[in-house]
$ cat coords_21.pdb   # PDB, C-alpha atoms, pLDDT in the B column
ATOM      1  CA  MET J  10     -28.901  44.782  -1.983  1.00 52.00           C
ATOM      2  CA  ALA J  11     -27.895  44.541  -5.588  1.00 59.00           C
ATOM      3  CA  GLY J  12     -24.574  46.149  -6.340  1.00 61.00           C
ATOM      4  CA  SER J  13     -23.584  46.682  -2.719  1.00 64.00           C
ATOM      5  CA  SER J  14     -20.049  46.024  -1.573  1.00 63.00           C
ATOM      6  CA  SER J  15     -18.704  44.922   1.770  1.00 70.00           C
ATOM      7  CA  HIS J  16     -15.760  47.276   2.246  1.00 79.00           C
ATOM      8  CA  GLN J  17     -14.451  47.415   5.766  1.00 87.00           C
ATOM      9  CA  ILE J  18     -13.584  50.822   7.180  1.00 91.00           C
ATOM     10  CA  ARG J  19      -9.878  50.810   8.022  1.00 94.00           C
ATOM     11  CA  ASN J  20      -9.350  54.399   9.150  1.00 95.00           C
ATOM     12  CA  ILE J  21     -11.523  57.024  10.778  1.00 94.00           C
ATOM     13  CA  CYS J  22     -10.826  60.675  11.491  1.00 94.00           C
ATOM     14  CA  VAL J  23     -12.203  62.187  14.698  1.00 91.00           C
ATOM     15  CA  PHE J  24     -11.962  65.846  15.633  1.00 87.00           C
ATOM     16  CA  ALA J  25     -13.629  66.604  18.942  1.00 86.00           C
ATOM     17  CA  GLY J  26     -13.455  69.096  21.770  1.00 82.00           C
ATOM     18  CA  SER J  27     -10.388  69.744  23.891  1.00 79.00           C
ATOM     19  CA  SER J  28     -12.832  69.872  26.802  1.00 84.00           C
ATOM     20  CA  PRO J  29     -14.673  66.866  28.241  1.00 85.00           C
ATOM     21  CA  GLY J  30     -17.974  68.728  27.917  1.00 83.00           C
ATOM     22  CA  LYS J  31     -20.483  69.605  30.587  1.00 88.00           C
ATOM     23  CA  GLU J  32     -22.021  66.162  30.880  1.00 91.00           C
ATOM     24  CA  LYS J  33     -20.214  62.963  31.866  1.00 93.00           C
ATOM     25  CA  LYS J  34     -21.868  61.056  29.012  1.00 95.00           C
ATOM     26  CA  PHE J  35     -19.840  62.990  26.410  1.00 93.00           C
ATOM     27  CA  LEU J  36     -16.520  61.694  27.744  1.00 92.00           C
ATOM     28  CA  GLU J  37     -17.978  58.219  28.286  1.00 94.00           C
ATOM     29  CA  SER J  38     -19.068  58.191  24.630  1.00 94.00           C
ATOM     30  CA  ALA J  39     -15.608  59.266  23.468  1.00 93.00           C
ATOM     31  CA  ASN J  40     -14.003  56.478  25.528  1.00 93.00           C
ATOM     32  CA  HIS J  41     -16.510  53.989  24.114  1.00 95.00           C
ATOM     33  CA  LEU J  42     -15.738  55.077  20.555  1.00 95.00           C
ATOM     34  CA  GLY J  43     -12.044  54.402  21.203  1.00 93.00           C
ATOM     35  CA  GLN J  44     -12.921  50.887  22.396  1.00 95.00           C
ATOM     36  CA  VAL J  45     -15.120  50.218  19.358  1.00 95.00           C
ATOM     37  CA  LEU J  46     -12.258  51.267  17.076  1.00 95.00           C
ATOM     38  CA  VAL J  47      -9.966  48.801  18.844  1.00 95.00           C
ATOM     39  CA  GLU J  48     -12.485  45.967  18.606  1.00 95.00           C
ATOM     40  CA  ARG J  49     -13.005  46.573  14.892  1.00 94.00           C
ATOM     41  CA  LYS J  50      -9.306  47.184  14.204  1.00 93.00           C
ATOM     42  CA  ILE J  51      -9.996  50.644  12.780  1.00 95.00           C
ATOM     43  CA  HIS J  52      -7.052  53.061  12.819  1.00 95.00           C
ATOM     44  CA  LEU J  53      -7.632  56.486  14.359  1.00 94.00           C
ATOM     45  CA  VAL J  54      -6.648  59.891  13.008  1.00 93.00           C
ATOM     46  CA  TYR J  55      -7.593  62.525  15.579  1.00 89.00           C
ATOM     47  CA  GLY J  56      -7.147  66.123  16.635  1.00 83.00           C
ATOM     48  CA  GLY J  57      -3.795  65.386  18.261  1.00 80.00           C
ATOM     49  CA  GLY J  58      -4.407  66.538  21.801  1.00 77.00           C
ATOM     50  CA  SER J  59      -4.351  64.918  25.202  1.00 79.00           C
ATOM     51  CA  LEU J  60      -7.264  66.897  26.576  1.00 83.00           C
ATOM     52  CA  GLY J  61     -10.997  66.416  26.688  1.00 87.00           C
ATOM     53  CA  LEU J  62     -12.900  64.325  24.187  1.00 91.00           C
ATOM     54  CA  MET J  63      -9.904  63.921  21.884  1.00 88.00           C
ATOM     55  CA  ARG J  64      -8.012  62.323  24.775  1.00 87.00           C
ATOM     56  CA  GLY J  65     -10.948  60.070  25.556  1.00 90.00           C
ATOM     57  CA  VAL J  66     -11.170  58.578  22.100  1.00 91.00           C
ATOM     58  CA  SER J  67      -7.420  58.346  21.505  1.00 90.00           C
ATOM     59  CA  ILE J  68      -6.094  57.022  24.811  1.00 88.00           C
ATOM     60  CA  THR J  69      -8.207  53.885  24.737  1.00 85.00           C
ATOM     61  CA  ALA J  70      -7.130  53.120  21.186  1.00 88.00           C
ATOM     62  CA  PHE J  71      -3.476  53.885  21.952  1.00 88.00           C
ATOM     63  CA  LEU J  72      -3.321  51.765  25.099  1.00 88.00           C
ATOM     64  CA  GLU J  73      -4.713  48.796  23.179  1.00 88.00           C
ATOM     65  CA  ASP J  74      -1.938  49.137  20.545  1.00 86.00           C
ATOM     66  CA  ASN J  75      -4.294  50.432  17.891  1.00 89.00           C
ATOM     67  CA  GLN J  76      -2.719  52.656  15.250  1.00 91.00           C
ATOM     68  CA  VAL J  77      -3.244  56.284  16.314  1.00 90.00           C
ATOM     69  CA  LEU J  78      -2.160  59.410  14.432  1.00 88.00           C
ATOM     70  CA  GLY J  79      -2.576  62.859  15.964  1.00 85.00           C
ATOM     71  CA  VAL J  80      -2.857  65.841  13.620  1.00 84.00           C
ATOM     72  CA  VAL J  81      -2.325  69.319  15.064  1.00 78.00           C
ATOM     73  CA  PRO J  82      -2.457  72.549  13.035  1.00 76.00           C
ATOM     74  CA  LYS J  83       0.593  74.761  13.719  1.00 75.00           C
ATOM     75  CA  ALA J  84      -1.605  77.549  15.062  1.00 73.00           C
ATOM     76  CA  LEU J  85      -2.910  75.260  17.822  1.00 69.00           C
ATOM     77  CA  ALA J  86       0.391  73.543  18.580  1.00 69.00           C
ATOM     78  CA  LYS J  87       1.891  76.741  20.023  1.00 69.00           C
ATOM     79  CA  GLY J  88      -0.513  77.130  22.946  1.00 61.00           C
ATOM     80  CA  ASP J  89      -1.849  74.966  25.730  1.00 63.00           C
ATOM     81  CA  ILE J  90      -5.079  74.356  23.843  1.00 58.00           C
ATOM     82  CA  ILE J  91      -4.364  70.715  23.050  1.00 61.00           C
ATOM     83  CA  GLY J  92      -2.017  69.504  25.785  1.00 63.00           C
ATOM     84  CA  LYS J  93       0.568  66.872  24.846  1.00 65.00           C
ATOM     85  CA  ILE J  94       0.218  64.133  22.298  1.00 63.00           C
ATOM     86  CA  ILE J  95      -0.962  60.905  23.927  1.00 66.00           C
ATOM     87  CA  GLU J  96       2.355  59.085  23.605  1.00 65.00           C
ATOM     88  CA  GLU J  97       4.232  61.947  25.312  1.00 65.00           C
ATOM     89  CA  GLU J  98       1.654  62.132  28.083  1.00 65.00           C
ATOM     90  CA  LEU J  99       1.883  58.417  28.837  1.00 65.00           C
ATOM     91  CA  ARG J 100       5.687  58.432  28.834  1.00 64.00           C
ATOM     92  CA  SER J 101       5.681  61.174  31.486  1.00 65.00           C
ATOM     93  CA  LEU J 102       3.508  59.154  33.920  1.00 59.00           C
TER      94      LEU J 102
END

$ encode --input "coords_21.pdb" --output "structure tokens"
Amino acid sequence: MAGSSSHQIRNICVFAGSSPGKEKKFLESANHLGQVLVERKIHLVYGGGSLGLMRGVSITAFLEDNQVLGVVPKALAKGDIIGKIIEEELRSL
């Protein structure tokens, strides 16, 4: 294509459910996305929680030493809606 460029995506932002969903394939897809980000060396910015689909995408990336940044709005940080951040969760195991 004329005029196209070959920029590589370096960061991606993912906001997903704090629930794994009703079907197993949702969580499997979130885990797979985390693995794809690792393989392509794409940094992850995500919804900051350790629950559900957000956990699925972030834990894989985090465990493979990919750069992961969790973002949590103050209104959500006060309740149990999001759980812990991934790093805190893994330290407590």

$ resolve_selection --input "coords_21.pdb" --expression "the PyMOL selection byres ((chain J and resi 53-61) around 7)" --output "list in words"
Asn20, Ile21, Cys22, Val23, Phe24, Ala25, Gly26, Ser27, Ser28, Pro29, Ile51, His52, Leu62, Met63, Arg64, Gly65, Gln76, Val77, Leu78, Gly79, Val80, Val81, Ile91, Gly92, Lys93, Ile94 and Ile95 of chain J

$ atom_distance --input "coords_21.pdb" --atom1 "CA of Gln44 (chain J)" --atom2 "CA of Leu72 (chain J)"
10.0 Å

$ atom_distance --input "coords_21.pdb" --atom1 "CA of His16 (chain J)" --atom2 "CA of Ala70 (chain J)"
21.6 Å

$ residues_around --input "coords_21.pdb" --residues "Thr69 (chain J)" --least-positions-apart "4" --cutoff "9 Å" --atoms "all atoms listed in the file" --output "PyMOL selection string"
chain J and resi 40-44+47+64-65+73-75

$ atom_distance --input "coords_21.pdb" --atom1 "CA of Leu36 (chain J)" --atom2 "CA of Ala84 (chain J)"
25.2 Å

$ closest_residue --input "coords_21.pdb" --among "J:Arg19, J:Lys83, J:Lys50, J:Ala39" --to "Ser67 (chain J)" --atoms "only C-alpha atoms"
J:Ala39

$ decode --input "coords_21.pdb" --residues "region 44-56 of chain J" --atoms "all heavy atoms" --output "PDB file, in the first residue's frame"
ATOM      1  N   GLN J  44      -1.109 -13.659  26.695  1.00  0.00           N
ATOM      2  CA  GLN J  44       0.020 -14.370  26.085  1.00  0.00           C
ATOM      3  C   GLN J  44       0.453 -13.719  24.779  1.00  0.00           C
ATOM      4  O   GLN J  44       1.644 -13.582  24.509  1.00  0.00           O
ATOM      5  CB  GLN J  44      -0.339 -15.837  25.853  1.00  0.00           C
ATOM      6  CG  GLN J  44       0.825 -16.670  25.384  1.00  0.00           C
ATOM      7  CD  GLN J  44       1.971 -16.681  26.387  1.00  0.00           C
ATOM      8  OE1 GLN J  44       1.768 -16.849  27.586  1.00  0.00           O
ATOM      9  NE2 GLN J  44       3.185 -16.477  25.915  1.00  0.00           N
ATOM     10  N   VAL J  45      -0.494 -13.291  23.973  1.00  0.00           N
ATOM     11  CA  VAL J  45      -0.172 -12.609  22.713  1.00  0.00           C
ATOM     12  C   VAL J  45       0.587 -11.314  22.992  1.00  0.00           C
ATOM     13  O   VAL J  45       1.560 -10.989  22.303  1.00  0.00           O
ATOM     14  CB  VAL J  45      -1.449 -12.338  21.885  1.00  0.00           C
ATOM     15  CG1 VAL J  45      -1.170 -11.414  20.717  1.00  0.00           C
ATOM     16  CG2 VAL J  45      -2.045 -13.655  21.393  1.00  0.00           C
ATOM     17  N   LEU J  46       0.174 -10.586  24.022  1.00  0.00           N
ATOM     18  CA  LEU J  46       0.873  -9.347  24.375  1.00  0.00           C
ATOM     19  C   LEU J  46       2.323  -9.632  24.761  1.00  0.00           C
ATOM     20  O   LEU J  46       3.237  -8.896  24.384  1.00  0.00           O
ATOM     21  CB  LEU J  46       0.145  -8.634  25.507  1.00  0.00           C
ATOM     22  CG  LEU J  46      -1.268  -8.150  25.195  1.00  0.00           C
ATOM     23  CD1 LEU J  46      -1.905  -7.523  26.427  1.00  0.00           C
ATOM     24  CD2 LEU J  46      -1.272  -7.193  24.027  1.00  0.00           C
ATOM     25  N   VAL J  47       2.527 -10.704  25.503  1.00  0.00           N
ATOM     26  CA  VAL J  47       3.890 -11.101  25.885  1.00  0.00           C
ATOM     27  C   VAL J  47       4.713 -11.435  24.645  1.00  0.00           C
ATOM     28  O   VAL J  47       5.833 -10.948  24.478  1.00  0.00           O
ATOM     29  CB  VAL J  47       3.862 -12.308  26.856  1.00  0.00           C
ATOM     30  CG1 VAL J  47       5.245 -12.898  27.033  1.00  0.00           C
ATOM     31  CG2 VAL J  47       3.262 -11.900  28.193  1.00  0.00           C
ATOM     32  N   GLU J  48       4.157 -12.264  23.780  1.00  0.00           N
ATOM     33  CA  GLU J  48       4.883 -12.689  22.581  1.00  0.00           C
ATOM     34  C   GLU J  48       5.260 -11.516  21.689  1.00  0.00           C
ATOM     35  O   GLU J  48       6.328 -11.508  21.078  1.00  0.00           O
ATOM     36  CB  GLU J  48       4.023 -13.685  21.787  1.00  0.00           C
ATOM     37  CG  GLU J  48       3.851 -15.007  22.486  1.00  0.00           C
ATOM     38  CD  GLU J  48       2.773 -15.879  21.865  1.00  0.00           C
ATOM     39  OE1 GLU J  48       2.177 -15.480  20.829  1.00  0.00           O
ATOM     40  OE2 GLU J  48       2.502 -16.962  22.426  1.00  0.00           O
ATOM     41  N   ARG J  49       4.411 -10.516  21.637  1.00  0.00           N
ATOM     42  CA  ARG J  49       4.661  -9.358  20.768  1.00  0.00           C
ATOM     43  C   ARG J  49       5.311  -8.193  21.497  1.00  0.00           C
ATOM     44  O   ARG J  49       5.478  -7.118  20.937  1.00  0.00           O
ATOM     45  CB  ARG J  49       3.349  -8.920  20.122  1.00  0.00           C
ATOM     46  CG  ARG J  49       2.797 -10.009  19.221  1.00  0.00           C
ATOM     47  CD  ARG J  49       1.584  -9.547  18.499  1.00  0.00           C
ATOM     48  NE  ARG J  49       1.059 -10.658  17.689  1.00  0.00           N
ATOM     49  CZ  ARG J  49       0.075 -10.544  16.846  1.00  0.00           C
ATOM     50  NH1 ARG J  49      -0.520  -9.384  16.673  1.00  0.00           N
ATOM     51  NH2 ARG J  49      -0.343 -11.585  16.158  1.00  0.00           N
ATOM     52  N   LYS J  50       5.626  -8.421  22.788  1.00  0.00           N
ATOM     53  CA  LYS J  50       6.283  -7.403  23.611  1.00  0.00           C
ATOM     54  C   LYS J  50       5.480  -6.098  23.644  1.00  0.00           C
ATOM     55  O   LYS J  50       6.012  -5.008  23.518  1.00  0.00           O
ATOM     56  CB  LYS J  50       7.712  -7.161  23.138  1.00  0.00           C
ATOM     57  CG  LYS J  50       8.601  -8.380  23.271  1.00  0.00           C
ATOM     58  CD  LYS J  50      10.011  -8.093  22.790  1.00  0.00           C
ATOM     59  CE  LYS J  50      10.950  -9.220  23.064  1.00  0.00           C
ATOM     60  NZ  LYS J  50      10.795 -10.430  22.384  1.00  0.00           N
ATOM     61  N   ILE J  51       4.174  -6.242  23.838  1.00  0.00           N
ATOM     62  CA  ILE J  51       3.271  -5.102  23.937  1.00  0.00           C
ATOM     63  C   ILE J  51       2.947  -4.889  25.415  1.00  0.00           C
ATOM     64  O   ILE J  51       2.515  -5.811  26.105  1.00  0.00           O
ATOM     65  CB  ILE J  51       1.982  -5.343  23.130  1.00  0.00           C
ATOM     66  CG1 ILE J  51       2.319  -5.523  21.651  1.00  0.00           C
ATOM     67  CG2 ILE J  51       1.002  -4.188  23.331  1.00  0.00           C
ATOM     68  CD1 ILE J  51       1.133  -5.914  20.780  1.00  0.00           C
ATOM     69  N   HIS J  52       3.166  -3.687  25.910  1.00  0.00           N
ATOM     70  CA  HIS J  52       2.882  -3.360  27.302  1.00  0.00           C
ATOM     71  C   HIS J  52       1.378  -3.257  27.510  1.00  0.00           C
ATOM     72  O   HIS J  52       0.640  -2.824  26.626  1.00  0.00           O
ATOM     73  CB  HIS J  52       3.537  -2.036  27.686  1.00  0.00           C
ATOM     74  CG  HIS J  52       5.024  -2.050  27.505  1.00  0.00           C
ATOM     75  ND1 HIS J  52       5.755  -0.907  27.372  1.00  0.00           N
ATOM     76  CD2 HIS J  52       5.908  -3.065  27.412  1.00  0.00           C
ATOM     77  CE1 HIS J  52       7.032  -1.206  27.210  1.00  0.00           C
ATOM     78  NE2 HIS J  52       7.139  -2.518  27.229  1.00  0.00           N
ATOM     79  N   LEU J  53       0.934  -3.611  28.711  1.00  0.00           N
ATOM     80  CA  LEU J  53      -0.489  -3.647  29.032  1.00  0.00           C
ATOM     81  C   LEU J  53      -0.852  -2.568  30.039  1.00  0.00           C
ATOM     82  O   LEU J  53      -0.223  -2.445  31.084  1.00  0.00           O
ATOM     83  CB  LEU J  53      -0.857  -5.018  29.615  1.00  0.00           C
ATOM     84  CG  LEU J  53      -2.263  -5.178  30.189  1.00  0.00           C
ATOM     85  CD1 LEU J  53      -3.315  -5.040  29.088  1.00  0.00           C
ATOM     86  CD2 LEU J  53      -2.401  -6.509  30.911  1.00  0.00           C
ATOM     87  N   VAL J  54      -1.875  -1.801  29.722  1.00  0.00           N
ATOM     88  CA  VAL J  54      -2.553  -0.920  30.673  1.00  0.00           C
ATOM     89  C   VAL J  54      -3.939  -1.526  30.820  1.00  0.00           C
ATOM     90  O   VAL J  54      -4.617  -1.767  29.826  1.00  0.00           O
ATOM     91  CB  VAL J  54      -2.642   0.532  30.141  1.00  0.00           C
ATOM     92  CG1 VAL J  54      -3.397   1.414  31.128  1.00  0.00           C
ATOM     93  CG2 VAL J  54      -1.256   1.090  29.853  1.00  0.00           C
ATOM     94  N   TYR J  55      -4.361  -1.807  32.065  1.00  0.00           N
ATOM     95  CA  TYR J  55      -5.628  -2.514  32.238  1.00  0.00           C
ATOM     96  C   TYR J  55      -6.403  -1.957  33.419  1.00  0.00           C
ATOM     97  O   TYR J  55      -5.926  -1.083  34.136  1.00  0.00           O
ATOM     98  CB  TYR J  55      -5.380  -4.022  32.381  1.00  0.00           C
ATOM     99  CG  TYR J  55      -4.925  -4.451  33.754  1.00  0.00           C
ATOM    100  CD1 TYR J  55      -5.777  -5.154  34.591  1.00  0.00           C
ATOM    101  CD2 TYR J  55      -3.659  -4.150  34.214  1.00  0.00           C
ATOM    102  CE1 TYR J  55      -5.365  -5.550  35.847  1.00  0.00           C
ATOM    103  CE2 TYR J  55      -3.238  -4.537  35.468  1.00  0.00           C
ATOM    104  CZ  TYR J  55      -4.101  -5.237  36.283  1.00  0.00           C
ATOM    105  OH  TYR J  55      -3.699  -5.615  37.529  1.00  0.00           O
ATOM    106  N   GLY J  56      -7.585  -2.489  33.619  1.00  0.00           N
ATOM    107  CA  GLY J  56      -8.507  -2.000  34.626  1.00  0.00           C
ATOM    108  C   GLY J  56      -8.093  -2.188  36.069  1.00  0.00           C
ATOM    109  O   GLY J  56      -8.851  -1.864  36.971  1.00  0.00           O
TER     110      GLY J  56
END
